$ cat work-v1.cif   # mmCIF, C-alpha atoms and all ligand atoms
data_my_file
loop_
_atom_site.label_atom_id
_atom_site.label_comp_id
_atom_site.auth_asym_id
_atom_site.auth_seq_id
_atom_site.Cartn_x
_atom_site.Cartn_y
_atom_site.Cartn_z
CA MET A 1 0.00 0.00 0.00
CA GLU A 2 1.21 3.47 -0.80
CA ASN A 3 1.76 5.81 2.12
CA LEU A 4 -1.26 7.73 3.24
CA GLN A 5 -0.97 11.32 4.36
CA VAL A 6 -3.81 13.48 5.65
CA GLY A 7 -2.74 17.05 6.37
CA SER A 8 0.35 16.73 8.57
CA CYS A 9 -0.57 13.19 9.65
CA LYS A 10 1.54 10.55 7.93
CA GLY A 11 0.43 6.95 7.95
CA VAL A 12 3.18 4.51 8.96
CA LYS A 13 2.52 0.82 8.52
CA GLY A 14 1.99 -0.88 11.88
CA GLU A 15 1.63 2.39 13.79
CA LYS A 16 -0.89 4.86 15.15
CA THR A 17 0.15 8.34 14.10
CA LYS A 18 -1.29 11.78 14.68
CA GLY A 19 -1.26 15.20 13.09
CA HIS A 20 -3.54 17.97 11.93
CA LEU A 21 -5.54 19.17 9.02
CA GLU A 22 -4.86 22.88 8.77
CA ILE A 23 -7.13 25.44 7.20
CA ASN A 24 -5.73 28.92 6.76
CA LEU A 25 -8.35 31.61 6.92
CA ASP A 26 -7.55 35.33 6.68
CA SER A 27 -8.15 35.86 10.36
CA LEU A 28 -6.99 32.58 11.86
CA LYS A 29 -5.60 29.12 11.37
CA ILE A 30 -7.90 26.19 12.14
CA LYS A 31 -6.37 22.89 13.23
CA ILE A 32 -8.45 19.73 13.03
CA PRO A 33 -6.87 16.74 14.81
CA VAL A 34 -6.31 13.65 12.64
CA PHE A 35 -5.14 10.16 13.59
CA ILE A 36 -4.22 7.33 11.25
CA ILE A 37 -4.12 3.71 12.37
CA SER A 38 -2.17 1.78 9.74
CA GLY A 39 -2.74 -1.95 9.97
CA VAL A 40 0.06 -4.46 9.72
CA LYS A 41 -1.88 -6.08 6.88
CA ASP A 42 -3.20 -4.48 3.71
CA GLY A 43 -6.87 -3.71 3.26
CA PRO A 44 -9.31 -0.86 2.59
CA THR A 45 -8.92 2.72 3.78
CA ALA A 46 -11.81 4.12 5.79
CA PHE A 47 -12.53 7.21 7.84
CA ILE A 48 -14.46 7.54 11.09
CA SER A 49 -15.41 11.09 12.00
CA ALA A 50 -17.50 12.98 14.54
CA GLY A 51 -18.18 16.48 15.78
CA MET A 52 -19.33 17.90 12.45
CA HIS A 53 -21.92 19.61 14.63
CA GLY A 54 -20.18 21.14 17.63
CA ASP A 55 -22.96 20.35 20.13
CA GLU A 56 -23.02 16.60 19.44
CA VAL A 57 -20.92 14.86 22.03
CA ASN A 58 -21.76 11.16 21.69
CA GLY A 59 -20.05 10.70 18.33
CA ILE A 60 -16.88 12.23 19.69
CA HIS A 61 -16.94 9.76 22.55
CA ILE A 62 -17.53 6.81 20.20
CA VAL A 63 -14.68 7.84 17.93
CA LYS A 64 -12.35 8.18 20.93
CA LYS A 65 -13.22 4.63 22.05
CA ILE A 66 -12.64 3.29 18.55
CA LYS A 67 -9.28 5.06 18.35
CA GLU A 68 -8.21 3.51 21.65
CA SER A 69 -9.48 0.00 21.03
CA ILE A 70 -8.19 -0.71 17.52
CA THR A 71 -4.52 -1.59 17.25
CA PRO A 72 -2.38 -1.74 14.07
CA GLU A 73 -1.85 -5.46 14.83
CA SER A 74 -5.61 -6.12 14.71
CA LEU A 75 -6.26 -4.02 11.61
CA SER A 76 -6.07 -4.80 7.89
CA GLY A 77 -5.99 -1.54 5.98
CA ARG A 78 -6.03 1.98 7.31
CA LEU A 79 -8.35 3.95 9.51
CA VAL A 80 -8.37 7.74 9.37
CA ILE A 81 -9.89 9.08 12.57
CA VAL A 82 -11.18 12.61 12.98
CA PRO A 83 -12.78 12.98 16.43
CA VAL A 84 -13.99 16.56 15.95
CA VAL A 85 -14.40 18.12 12.53
CA ASN A 86 -16.02 21.38 13.65
CA THR A 87 -13.45 22.34 16.27
CA LEU A 88 -14.64 25.94 16.61
CA GLY A 89 -18.28 24.87 17.00
CA PHE A 90 -17.23 22.36 19.64
CA LYS A 91 -15.41 25.05 21.65
CA GLU A 92 -18.57 27.12 21.75
CA SER A 93 -20.96 24.11 22.02
CA LYS A 94 -22.57 25.26 18.80
CA ARG A 95 -24.01 23.16 16.00
CA THR A 96 -22.74 25.55 13.32
CA VAL A 97 -19.33 26.96 12.45
CA PRO A 98 -19.25 30.10 14.66
CA LEU A 99 -17.34 32.20 12.09
CA ASP A 100 -20.25 32.28 9.65
CA ASP A 101 -22.96 30.44 11.59
CA GLN A 102 -23.43 27.89 8.80
CA ASP A 103 -24.16 24.18 9.11
CA LEU A 104 -20.95 22.45 8.06
CA ASN A 105 -22.95 19.50 6.79
CA ARG A 106 -24.45 21.61 3.99
CA GLN A 107 -21.16 22.98 2.63
CA PHE A 108 -19.59 20.00 0.88
CA ASN A 109 -18.60 19.97 -2.77
CA LYS A 110 -19.17 23.69 -3.37
CA ASN A 111 -17.77 25.02 -6.63
CA ASN A 112 -15.77 27.88 -5.36
CA PRO A 113 -15.26 27.46 -1.61
CA LYS A 114 -14.80 30.85 0.03
CA THR A 115 -16.52 31.08 3.42
CA ALA A 116 -14.97 29.57 6.56
CA SER A 117 -17.42 26.66 6.64
CA GLU A 118 -17.00 25.98 2.91
CA LEU A 119 -13.23 25.91 3.29
CA ILE A 120 -13.36 23.53 6.27
CA ALA A 121 -15.74 21.25 4.34
CA HIS A 122 -13.50 21.41 1.28
CA ALA A 123 -10.37 20.47 3.26
CA PHE A 124 -12.14 17.53 4.93
CA PHE A 125 -13.62 16.38 1.62
CA GLU A 126 -10.38 16.45 -0.34
CA GLU A 127 -7.91 15.44 2.37
CA VAL A 128 -9.95 12.81 4.24
CA VAL A 129 -13.02 11.59 2.37
CA ARG A 130 -11.51 11.40 -1.09
CA LYS A 131 -8.62 9.25 0.11
CA CYS A 132 -10.93 6.63 1.59
CA ASP A 133 -12.98 3.72 0.24
CA PHE A 134 -15.82 4.42 2.64
CA GLY A 135 -16.55 6.28 5.86
CA ILE A 136 -18.75 6.52 8.91
CA ASP A 137 -19.72 9.98 10.15
CA CYS A 138 -21.05 9.99 13.73
CA HIS A 139 -23.73 12.44 14.81
CA ASP A 140 -26.18 12.67 17.65
CA SER A 141 -29.69 13.96 17.63
CA ASN A 142 -28.88 17.50 18.95
CA ALA A 143 -29.31 19.39 22.19
CA GLU A 144 -33.09 19.19 22.50
CA ASN A 145 -34.06 15.65 21.51
CA ILE A 146 -32.89 12.11 21.73
CA LEU A 147 -33.61 9.33 19.26
CA LEU A 148 -32.94 5.62 19.50
CA PRO A 149 -29.63 4.86 17.81
CA HIS A 150 -30.10 4.67 14.06
CA SER A 151 -28.30 5.18 10.79
CA ARG A 152 -29.39 7.48 8.01
CA VAL A 153 -29.24 6.47 4.41
CA LEU A 154 -29.96 8.04 1.06
CA SER A 155 -32.43 6.35 -1.25
CA ARG A 156 -31.65 2.64 -1.00
CA LYS A 157 -32.19 2.24 -4.71
CA GLU A 158 -29.86 5.05 -5.68
CA ALA A 159 -27.13 4.43 -3.12
CA PRO A 160 -27.22 0.68 -2.33
CA GLU A 161 -23.68 0.67 -0.93
CA ILE A 162 -24.74 3.04 1.84
CA ALA A 163 -27.84 0.94 2.56
CA GLU A 164 -25.61 -2.12 2.83
CA LEU A 165 -23.44 -0.38 5.45
CA SER A 166 -26.56 0.57 7.42
CA ARG A 167 -27.73 -3.05 7.53
CA ILE A 168 -24.35 -4.16 8.81
CA PHE A 169 -24.04 -1.30 11.29
CA GLY A 170 -26.99 -3.10 12.84
CA THR A 171 -29.25 -0.63 14.61
CA ASP A 172 -32.90 -1.66 14.91
CA LEU A 173 -33.88 1.49 13.05
CA ILE A 174 -32.70 2.96 9.77
CA LEU A 175 -33.99 6.28 8.49
CA GLU A 176 -34.15 6.70 4.76
CA ARG A 177 -34.20 10.26 3.54
CA GLU A 178 -33.40 12.21 0.42
CA GLY A 179 -30.85 14.38 2.11
CA LYS A 180 -29.97 17.94 1.28
CA GLU A 181 -27.58 19.60 -1.11
CA GLY A 182 -24.12 19.96 0.38
CA MET A 183 -24.45 17.07 2.86
CA LEU A 184 -21.31 14.98 3.22
CA ALA A 185 -23.04 11.65 2.49
CA ILE A 186 -24.79 12.96 -0.62
CA GLU A 187 -21.84 14.80 -2.09
CA ALA A 188 -19.26 12.07 -1.42
CA TYR A 189 -21.49 9.58 -3.19
CA ARG A 190 -22.41 11.90 -6.05
CA GLU A 191 -18.89 13.13 -6.71
CA TYR A 192 -16.70 10.12 -5.95
CA LYS A 193 -19.12 7.21 -5.34
CA ILE A 194 -17.67 6.91 -1.85
CA PRO A 195 -20.31 5.51 0.54
CA VAL A 196 -20.54 7.46 3.78
CA LEU A 197 -22.83 6.13 6.48
CA THR A 198 -24.32 8.77 8.78
CA VAL A 199 -25.11 7.43 12.24
CA GLU A 200 -27.04 9.13 15.01
CA ILE A 201 -26.31 8.01 18.53
CA GLY A 202 -27.55 9.74 21.69
CA GLY A 203 -28.33 13.42 22.16
CA GLY A 204 -29.03 16.20 24.62
CA VAL A 205 -25.35 17.23 25.00
CA LYS A 206 -24.87 14.27 27.32
CA VAL A 207 -22.94 11.05 26.83
CA TRP A 208 -25.25 7.99 26.96
CA ASP A 209 -23.04 5.01 27.72
CA LYS A 210 -25.50 2.34 26.54
CA TYR A 211 -25.97 4.08 23.19
CA VAL A 212 -22.25 4.74 22.83
CA LEU A 213 -21.74 0.97 23.12
CA GLU A 214 -24.20 0.44 20.27
CA GLY A 215 -22.22 2.90 18.17
CA ILE A 216 -18.94 1.13 18.86
CA ARG A 217 -20.48 -2.24 18.05
CA GLY A 218 -21.89 -0.82 14.80
CA ILE A 219 -18.56 0.57 13.63
CA LYS A 220 -16.83 -2.70 14.48
CA ASN A 221 -19.55 -4.62 12.60
CA VAL A 222 -18.78 -2.59 9.48
CA LEU A 223 -15.01 -3.01 9.84
CA ILE A 224 -15.45 -6.78 10.27
CA TYR A 225 -17.71 -6.90 7.23
CA LYS A 226 -15.07 -5.04 5.20
CA LYS A 227 -12.48 -7.56 6.43
CA MET A 228 -10.51 -4.88 8.25
CA LEU A 229 -11.02 -6.55 11.65
CA ASN A 230 -11.58 -10.13 12.75
CA GLY A 231 -14.69 -11.00 14.68
CA LEU A 232 -18.37 -11.70 14.44
CA ILE A 233 -20.92 -9.33 13.02
CA ASP A 234 -23.82 -8.83 15.39
CA VAL A 235 -27.08 -7.53 13.88
CA PRO A 236 -30.77 -7.74 14.82
CA ILE A 237 -32.98 -10.30 13.15
CA ARG A 238 -35.13 -7.54 11.70
CA GLN A 239 -34.58 -3.87 11.05
CA PHE A 240 -37.11 -1.15 10.39
CA VAL A 241 -36.56 1.36 7.65
CA LEU A 242 -38.63 4.46 8.11
CA ASP A 243 -38.84 7.99 6.88
CA TYR A 244 -38.77 10.49 9.65
CA ARG A 245 -42.08 12.27 9.17
CA TYR A 246 -44.25 10.82 11.87
CA GLY A 247 -43.50 12.94 14.91
CA TYR A 248 -46.27 13.98 17.29
CA LYS A 249 -46.22 17.78 17.14
CA ALA A 250 -47.11 20.12 20.00
CA PRO A 251 -50.60 21.57 19.39
CA PHE A 252 -49.63 24.72 21.32
CA SER A 253 -46.58 26.03 23.12
CA GLY A 254 -46.03 25.23 26.77
CA ILE A 255 -44.31 22.91 29.21
CA LEU A 256 -44.03 19.32 28.09
CA ASP A 257 -44.10 16.59 30.72
CA VAL A 258 -43.07 13.34 29.06
CA LYS A 259 -44.29 10.26 30.94
CA ILE A 260 -42.35 7.57 29.11
CA GLU A 261 -38.76 6.82 28.28
CA LEU A 262 -37.03 6.40 24.99
CA GLY A 263 -37.49 2.83 23.73
CA ASP A 264 -40.61 2.17 25.85
CA ALA A 265 -43.55 0.31 24.36
CA VAL A 266 -46.90 2.10 24.49
CA ASN A 267 -50.43 0.89 23.97
CA GLU A 268 -52.99 2.68 21.87
CA GLY A 269 -54.55 5.46 23.95
CA GLU A 270 -51.80 5.43 26.56
CA ILE A 271 -50.82 8.88 27.80
CA ILE A 272 -47.34 9.64 26.57
CA ALA A 273 -47.08 13.24 27.75
CA THR A 274 -49.02 16.20 29.04
CA LEU A 275 -48.65 19.69 27.68
CA TYR A 276 -49.44 22.72 29.84
CA ASP A 277 -49.89 26.26 28.58
CA PRO A 278 -49.55 28.53 31.63
CA GLU A 279 -50.72 31.71 29.86
CA ASN A 280 -54.12 30.29 29.01
CA ASP A 281 -54.18 27.72 31.80
CA ARG A 282 -54.93 24.83 29.49
CA GLU A 283 -53.60 21.32 29.63
CA LYS A 284 -53.74 18.48 27.12
CA GLU A 285 -52.97 14.80 27.47
CA ILE A 286 -51.14 13.45 24.46
CA LYS A 287 -52.05 9.83 23.78
CA ALA A 288 -50.54 7.18 21.55
CA GLU A 289 -52.53 6.93 18.31
CA HIS A 290 -51.48 3.29 17.79
CA PRO A 291 -49.49 0.80 19.82
CA GLY A 292 -45.78 1.08 19.25
CA VAL A 293 -42.33 1.90 20.47
CA VAL A 294 -41.17 5.40 21.32
CA PHE A 295 -38.16 6.19 19.18
CA SER A 296 -37.64 9.89 19.79
CA VAL A 297 -38.28 12.03 22.82
CA ARG A 298 -37.84 15.71 23.41
CA LEU A 299 -35.48 16.37 26.33
CA LYS A 300 -36.10 20.11 26.65
CA SER A 301 -39.38 20.71 28.49
CA LYS A 302 -40.23 24.13 27.03
CA ILE A 303 -41.74 23.54 23.63
CA ASP A 304 -43.21 25.75 20.90
CA ALA A 305 -46.30 24.94 18.85
CA ASP A 306 -45.55 22.51 15.98
CA GLU A 307 -42.27 21.28 17.42
CA VAL A 308 -42.00 17.50 17.66
CA MET A 309 -42.69 16.17 21.18
CA PHE A 310 -41.85 12.53 20.46
CA SER A 311 -42.11 9.92 17.72
CA VAL A 312 -43.53 6.43 17.86
CA LEU A 313 -42.84 3.51 15.59
CA HIS A 314 -46.44 2.41 15.22
CA PHE A 315 -47.61 -1.17 14.80
CA LYS A 316 -50.93 -2.55 13.75
CA GLN A 317 -52.42 -5.95 14.40
CA ASP A 318 -54.34 -7.62 11.59
CA LYS A 319 -55.80 -10.97 12.64
CA ASN A 320 -52.71 -12.83 13.80
CA GLU A 321 -50.21 -10.66 12.08
CA MET A 322 -48.49 -7.61 13.38
CA HIS A 323 -46.94 -5.10 11.08
CA ALA A 324 -45.19 -1.79 11.34
CA LEU A 325 -46.97 1.28 10.02
CA ASN A 326 -44.93 3.76 8.02
CA ALA A 327 -41.88 1.57 8.19
CA GLU A 328 -40.61 -1.27 6.10
CA MET A 329 -39.40 -4.29 7.97
CA ILE A 330 -36.41 -6.12 6.58
CA LEU A 331 -35.33 -9.56 7.59
CA ASN A 332 -31.65 -10.24 8.08
CA LYS A 333 -31.58 -13.96 8.63
CA GLU A 334 -31.77 -15.08 5.02
CA VAL A 335 -29.88 -12.18 3.56
CA LEU A 336 -26.78 -12.02 5.65
CA GLN A 337 -24.61 -15.08 5.98
CA SER A 338 -22.16 -16.02 8.72
CA ILE A 339 -23.25 -13.47 11.25
CA ILE A 340 -24.89 -13.49 14.65
CA VAL A 341 -28.50 -12.41 14.66
CA ARG A 342 -29.94 -11.13 17.90
CA PRO A 343 -33.56 -10.32 18.67
CA THR A 344 -34.57 -6.79 17.84
CA LYS A 345 -34.76 -4.65 20.96
CA VAL A 346 -37.76 -2.65 19.82
CA LEU A 347 -39.66 -5.83 19.03
CA ASP A 348 -38.76 -7.39 22.35
CA THR A 349 -40.13 -4.41 24.20
CA PHE A 350 -43.17 -4.17 22.02
CA LEU A 351 -44.17 -7.82 22.07
CA ALA A 352 -43.99 -7.86 25.84
CA ILE A 353 -47.14 -5.71 26.01
CA PHE A 354 -49.08 -8.06 23.73
CA ASP A 355 -48.09 -11.43 24.97
CA SER A 356 -47.59 -12.22 28.62
CA SER A 357 -45.85 -15.46 27.66
CA TYR A 358 -43.26 -13.42 25.84
CA SER A 359 -40.49 -12.98 28.34
CA LEU A 360 -37.85 -10.29 28.18
CA ILE A 361 -35.52 -12.25 30.37
CA ASP A 362 -35.74 -15.28 28.09
CA ASN A 363 -32.23 -15.63 26.83
CA VAL A 364 -32.80 -18.42 24.37
CA ILE A 365 -32.39 -16.61 21.13
CA GLY A 366 -33.82 -19.35 18.95
CA ASP A 367 -36.96 -19.41 21.03
CA ARG A 368 -37.38 -15.69 20.83
CA LEU A 369 -36.79 -15.64 17.12
CA GLU A 370 -39.60 -18.15 16.71
CA LYS A 371 -41.90 -15.92 18.71
CA ILE A 372 -40.92 -12.87 16.73
CA LYS A 373 -41.59 -14.77 13.54
CA LYS A 374 -45.00 -15.80 14.80
CA TYR A 375 -46.01 -12.16 15.13
CA PHE A 376 -44.19 -10.79 12.16
CA LYS A 377 -45.04 -13.04 9.26
CA LYS A 378 -44.07 -11.45 6.04
ZN ZN B 401 -25.16 16.19 13.48
#

$ encode --input "work-v1.cif" --output "structure tokens"
Amino acid sequence: MENLQVGSCKGVKGEKTKGHLEINLDSLKIKIPVFIISGVKDGPTAFISAGMHGDEVNGIHIVKKIKESITPESLSGRLVIVPVVNTLGFKESKRTVPLDDQDLNRQFNKNNPKTASELIAHAFFEEVVRKCDFGIDCHDSNAENILLPHSRVLSRKEAPEIAELSRIFGTDLILEREGKEGMLAIEAYREYKIPVLTVEIGGGVKVWDKYVLEGIRGIKNVLIYKKMLNGLIDVPIRQFVLDYRYGYKAPFSGILDVKIELGDAVNEGEIIATLYDPENDREKEIKAEHPGVVFSVRLKSKIDADEVMFSVLHFKQDKNEMHALNAEMILNKEVLQSIIVRPTKVLDTFLAIFDSSYSLIDNVIGDRLEKIKKYFKK
């Protein structure tokens, strides 16, 4: 393999090296830390990044753990690690690049990069992304909300390589969306056909250890799949692909009191939250429209009208069959060979409210898979 260099960071076979990507602006010099882990064996080159949005802390934590746990001896190929892309935003706990207040994840592949955020995006695109075969960009759901861990993909038809990475990453949920002009994942695929998987883990400017572990497992799954690491891939038996349009929106502004926790199962008609408007002294109970599993929750209690309070992955029971509404269920058992399949967490939680014989502490995977199959014929 030829030597890889990213900014001042030189890859050296069998070593972990560090350096910086430097961007010279008129007023200041920006330094983005870069690490390269160069495996003792040859293989693909991939990047793992986080902190594109300066107020998203979980990705940074995941990337740090990955950097610490992967050794050159265990790696085939090269891993470029960028723990915080938007260094200035991170310093100020801001989503955007403070110099021009723009979202860095809308500035990729611009024709004539001039502004601070365009120049940072350009440097990352050309120095990191372009030198890699694929990448994983870690985000979290922002300061005000938290979502169950999930990956985000472009149209599965148009970008099947990204969809493939999302299956292997192995979260229960996958969000499919068109994406917006200037997003890293869109532009890397459009310009260079480099698949970049966007993952969203945790939120609320707080590190969530259990979700961080899911992120680490997902990244390792992908690296194992790409034959960069040894090990077993661990994915759920079924995954749900949804588009993110089905949030319950606040009917008026007020104080939101959420009664459930992220990942909880709810029955139809169950009160999920109450909303109180102190100015007009009115209160409303917000009930689940269908049974399902709560996959996003607002963490900030003050809410404005039309903001999303929470989202539920709804299910519907037809005779003896259960199916997800507004989400496509995909089965992994037949499709993916030589991997471990585990029961889907959202299904486990959900089925427990329908079937008292369905036990959450039942550790016999085969047994649980049979039960899941019974409900989810397809
Ligand atoms: Zn983000």

$ closest_residue --input "work-v1.cif" --among "A:Phe350, A:Phe90, A:Tyr192, A:Trp208" --to "Phe315 in chain A" --atoms "only C-alpha atoms"
A:Phe350

$ closest_residue --input "work-v1.cif" --among "A:Gly182, A:Pro72, A:Pro149, A:Gly135" --to "Asp103 in chain A" --atoms "all atoms listed in the file"
A:Gly182

$ closest_residue --input "work-v1.cif" --among "A:Cys138, A:Leu275, A:Leu229, A:Ile30" --to "ligand ZN 401 (chain B)" --atoms "all atoms listed in the file"
A:Cys138

$ atom_distance --input "work-v1.cif" --atom1 "CA of Val80 in chain A" --atom2 "CA of Phe35 in chain A"
5.8 Å

$ residues_around --input "work-v1.cif" --residues "Ala50 in chain A" --least-positions-apart "5" --cutoff "7 Å" --atoms "all atoms listed in the file" --output "PyMOL selection string"
chain A and resi 59-60+63+82-85+137-139

$ write_last_selection --input "work-v1.cif" --atoms "C-alpha atoms" --output "PDB file, in the frame of the given file"
ATOM      1  CA  GLY A  59     -20.050  10.700  18.330  1.00  0.00           C
ATOM      2  CA  ILE A  60     -16.880  12.230  19.690  1.00  0.00           C
ATOM      3  CA  VAL A  63     -14.680   7.840  17.930  1.00  0.00           C
ATOM      4  CA  VAL A  82     -11.180  12.610  12.980  1.00  0.00           C
ATOM      5  CA  PRO A  83     -12.780  12.980  16.430  1.00  0.00           C
ATOM      6  CA  VAL A  84     -13.990  16.560  15.950  1.00  0.00           C
ATOM      7  CA  VAL A  85     -14.400  18.120  12.530  1.00  0.00           C
ATOM      8  CA  ASP A 137     -19.720   9.980  10.150  1.00  0.00           C
ATOM      9  CA  CYS A 138     -21.050   9.990  13.730  1.00  0.00           C
ATOM     10  CA  HIS A 139     -23.730  12.440  14.810  1.00  0.00           C
TER      11      HIS A 139
END

$ residues_near_ligand --input "work-v1.cif" --ligand "ligand ZN 401 (chain B)" --cutoff "7 Å" --atoms "only C-alpha atoms and all ligand atoms" --output "list in words"
Met52, His53, Glu56, His139, Asp140, Ser141 and Asn142 of chain A

$ write_last_selection --input "work-v1.cif" --atoms "C-alpha atoms" --output "mmCIF file, in the frame of the given file"
data_model
loop_
_atom_site.group_PDB
_atom_site.id
_atom_site.type_symbol
_atom_site.label_atom_id
_atom_site.label_comp_id
_atom_site.auth_asym_id
_atom_site.auth_seq_id
_atom_site.Cartn_x
_atom_site.Cartn_y
_atom_site.Cartn_z
ATOM 1 C CA MET A 52 -19.330 17.900 12.450
ATOM 2 C CA HIS A 53 -21.920 19.610 14.630
ATOM 3 C CA GLU A 56 -23.020 16.600 19.440
ATOM 4 C CA HIS A 139 -23.730 12.440 14.810
ATOM 5 C CA ASP A 140 -26.180 12.670 17.650
ATOM 6 C CA SER A 141 -29.690 13.960 17.630
ATOM 7 C CA ASN A 142 -28.880 17.500 18.950
#

$ atom_distance --input "work-v1.cif" --atom1 "CA of Lys157 in chain A" --atom2 "CA of Val312 in chain A"
25.6 Å

$ residues_around --input "work-v1.cif" --residues "Gly7 in chain A" --least-positions-apart "2" --cutoff "9 Å" --atoms "only C-alpha atoms" --output "list in words"
Gln5, Cys9, Lys10, Gly19, His20, Leu21, Glu22, Val34, Ala123, Glu127 and Val128 of chain A

$ closest_residue --input "work-v1.cif" --among "A:Leu4, A:Leu256, A:Leu148, A:Leu28" --to "Tyr211 in chain A" --atoms "only C-alpha atoms"
A:Leu148

$ closest_residue --input "work-v1.cif" --among "A:Ile23, A:Val212, A:Leu325, A:Ile272" --to "Lys64 in chain A" --atoms "all atoms listed in the file"
A:Val212

$ axis_aligned_box --input "work-v1.cif" --around "range 111-127 of chain A" --padding-each-side "3 Å" --output "lines of an AutoDock Vina configuration file"
center_x = -12.8
center_y = 23.3
center_z = 0.0
size_x = 15.9
size_y = 21.6
size_z = 19.3

$ closest_residue --input "work-v1.cif" --among "A:Val153, A:Val241, A:Val297, A:Ala273" --to "Pro195 in chain A" --atoms "all atoms listed in the file"
A:Val153

$ atom_distance --input "work-v1.cif" --atom1 "CA of Ser69 in chain A" --atom2 "CA of Lys210 in chain A"
17.1 Å

$ residues_near_point --input "work-v1.cif" --point "(-16.8, 19.7, 5.3)" --cutoff "7 Å" --atoms "only C-alpha atoms" --output "ChimeraX atom specification"
/A:104-105,107-108,118,120-125,184

$ residues_around --input "work-v1.cif" --residues "Leu299 in chain A" --least-positions-apart "5" --cutoff "8 Å" --atoms "all atoms listed in the file" --output "ChimeraX atom specification"
/A:144-146,204

$ residues_around --input "work-v1.cif" --residues "range 41-46 of chain A" --least-positions-apart "3" --cutoff "6 Å" --atoms "only C-alpha atoms" --output "compact mmCIF listing (two decimals) with C-alpha atoms, in the coordinates of the input"
# COMPACT_ATOMS: atom_id res chain seq x y z
CA SER A 76 -6.07 -4.80 7.89
CA GLY A 77 -5.99 -1.54 5.98
CA ARG A 78 -6.03 1.98 7.31
CA LEU A 79 -8.35 3.95 9.51
CA CYS A 132 -10.93 6.63 1.59
CA ASP A 133 -12.98 3.72 0.24
CA PHE A 134 -15.82 4.42 2.64
CA GLY A 135 -16.55 6.28 5.86

$ residues_near_point --input "work-v1.cif" --point "(-34.8, -2.1, 10.6)" --cutoff "9 Å" --atoms "all atoms listed in the file" --output "list in words"
His150, Arg167, Gly170, Thr171, Asp172, Leu173, Ile174, Leu175, Pro236, Ile237, Arg238, Gln239, Phe240, Val241, Leu242, Ala327, Glu328, Met329, Ile330, Leu331 and Thr344 of chain A
